[in-house]
Amino acid sequence: MHADLKKLIRLQSIDIAVQELQENTEAFPARSKALDDKLRDAKAVVDKVRETIGANQSRRKELEARIVDTEVKISTYKGQLMSVKTNDEYKAMVKEIGFNEKAISNVEDEILLLMEESETLSAPLKSAEATLREDDTSVQAERARLEELNAQDTKALDSNLEERLGLAKEVDEDVLSGYERVRKFRGGIAMAGASDEACEVCNVRMRPQVFQEVRRNDHIIPCDSCGCILYDPENLDHPFEVA
């Protein structure tokens with residue numbers, strides 16, 4: 001078997017692995033960020049409900065204080081009723097007391113509505129908090145899994161790149177240049193198995209004589225159609241060399 005062909009087949013398998021590993025390691029930050037976003041969104045839901053509940057409570061306290069102030073006014077007006085000197089003043093004072101009592105009634109109605117709203121927010125808050133706890137647990141587990149996979153991918157990438165560097169030095173420069181040129185042009189694929197007198201990459205048939213030459217695996221033979229370097233996968237020394 002041609003020494004460079006054998007090395008190119010192995011080089012192709014390394015390059016495919018490197019491409020996949022690089023995609024994985026490059027995708028890791030985005031995947032990690034997606035976990036952060038998921039947790040942030042779940043927390044935002046909890047914070048929003050709590051904010052609504054807090055605003056509800058603040059408004060109720062404000063209204064309750066208003067009732068107290070109004071009751072003080074009513075008490076003052078009632079105390080002054082006995083000291084008014086004219087009937088018109090008395091009527092005006094009674095009217096003012098009635099106005100403030102009506103105001104208290106309106107405020108009490110609003111407080112009741114706020115209390116009902118607060119009760120309806122209890123269930124959504126519990127649900128949001130439960131979701132946040134579940135998301136936190138799942139995110140931590142998924143983050144640990146991704147970090148472990150990323151560490152494995154990084155280690156495997158370094159190992160493959162190191163092997164590739166050494167292997168590339170052993171291949172004839174012109175042959176390697178041709179391999180790299182085709183690989184770049186064809187999206188990472190430069191080697192093509194041949195079977196049934198056809199290239200397995202472009203599926204274009206070749207002349208029978210060329211196919212017989214390819215089957216010997218003792219020459220560097222490019223496909224006339226796609227340019228990939230051809231080899232016979234059934235005539236290899238070791239199974240792992242099949243790209």
# chains A, B, ... in the order shown; residues from 1 in each chain; ligands from 1
call {"tool": "select_by_dssp", "arguments": {"residues": "range 30-224 of chain A", "states": "strand (DSSP E)", "output": "list in words"}}
result
Met191, Ala192, Gly193, Ala194, Ser195, Ala198, Cys199, Ile221 and Pro222 of chain A
call {"tool": "select_by_dssp", "arguments": {"residues": "range 7-236 of chain A", "states": "alpha helix (DSSP H)", "output": "ChimeraX atom specification"}}
result
/A:7-81,87-170,173-185,208-216
call {"tool": "atom_distance", "arguments": {"atom1": "CA of Val204 in chain A", "atom2": "CA of Ile220 in chain A"}}
result
18.0 Å
call {"tool": "atom_distance", "arguments": {"atom1": "CA of Leu236 in chain A", "atom2": "CA of Asn217 in chain A"}}
result
8.0 Å
call {"tool": "closest_residue", "arguments": {"among": "A:Phe99, A:Asp109, A:Val46, A:Arg181", "to": "Ser122 in chain A", "atoms": "only C-alpha atoms"}}
result
A:Val46
call {"tool": "residues_around", "arguments": {"residues": "range 59-72 of chain A", "least_positions_apart": "6", "cutoff": "10 Å", "atoms": "only C-alpha atoms", "output": "list in words"}}
result
Ile53, Lys78, Ile97, Asn100, Glu101, Ala103, Ile104, Ser105, Asn106, Val107, Glu108, Glu110, Ile111, Leu112, Leu113, Leu114 and Met115 of chain A
call {"tool": "write_last_selection", "arguments": {"atoms": "N, CA and C atoms", "output": "short mmCIF file (atom, residue, chain, number, x, y, z; two decimals), in the first residue's frame"}}
result
data_model
loop_
_atom_site.label_atom_id
_atom_site.label_comp_id
_atom_site.auth_asym_id
_atom_site.auth_seq_id
_atom_site.Cartn_x
_atom_site.Cartn_y
_atom_site.Cartn_z
N ILE A 53 -46.53 41.39 44.33
CA ILE A 53 -47.04 41.20 45.70
C ILE A 53 -46.56 42.33 46.60
N LYS A 78 -66.60 65.77 64.08
CA LYS A 78 -67.69 65.43 65.01
C LYS A 78 -67.53 66.18 66.33
N ILE A 97 -68.31 65.45 56.97
CA ILE A 97 -68.16 64.15 57.63
C ILE A 97 -68.62 63.02 56.69
N ASN A 100 -66.08 62.34 53.90
CA ASN A 100 -64.92 61.58 54.37
C ASN A 100 -65.28 60.12 54.68
N GLU A 101 -66.50 59.91 55.21
CA GLU A 101 -66.93 58.53 55.45
C GLU A 101 -67.07 57.76 54.13
N ALA A 103 -65.34 58.43 51.47
CA ALA A 103 -63.96 58.22 51.02
C ALA A 103 -63.37 56.98 51.69
N ILE A 104 -63.65 56.82 53.00
CA ILE A 104 -63.16 55.64 53.72
C ILE A 104 -63.76 54.37 53.12
N SER A 105 -65.06 54.42 52.79
CA SER A 105 -65.73 53.26 52.20
C SER A 105 -65.09 52.89 50.86
N ASN A 106 -64.77 53.89 50.05
CA ASN A 106 -64.14 53.64 48.75
C ASN A 106 -62.75 53.02 48.93
N VAL A 107 -62.01 53.55 49.91
CA VAL A 107 -60.67 53.03 50.18
C VAL A 107 -60.75 51.59 50.68
N GLU A 108 -61.72 51.32 51.53
CA GLU A 108 -61.89 49.95 52.04
C GLU A 108 -62.23 48.98 50.91
N GLU A 110 -61.20 49.29 47.82
CA GLU A 110 -59.95 49.08 47.10
C GLU A 110 -59.04 48.12 47.85
N ILE A 111 -59.03 48.24 49.18
CA ILE A 111 -58.21 47.33 50.00
C ILE A 111 -58.70 45.89 49.84
N LEU A 112 -60.00 45.70 49.81
CA LEU A 112 -60.57 44.36 49.61
C LEU A 112 -60.14 43.77 48.27
N LEU A 113 -60.17 44.60 47.24
CA LEU A 113 -59.73 44.14 45.91
C LEU A 113 -58.25 43.76 45.92
N LEU A 114 -57.46 44.55 46.61
CA LEU A 114 -56.03 44.25 46.71
C LEU A 114 -55.78 42.96 47.49
N MET A 115 -56.57 42.73 48.52
CA MET A 115 -56.45 41.49 49.29
C MET A 115 -56.79 40.28 48.43
#
call {"tool": "closest_residue", "arguments": {"among": "A:Glu148, A:Asp158, A:Glu117, A:Glu96", "to": "Ala17 in chain A", "atoms": "only C-alpha atoms"}}
result
A:Asp158
call {"tool": "residues_around", "arguments": {"residues": "Met206 in chain A", "least_positions_apart": "6", "cutoff": "8 Å", "atoms": "only C-alpha atoms", "output": "ChimeraX atom specification"}}
result
/A:197-199,224
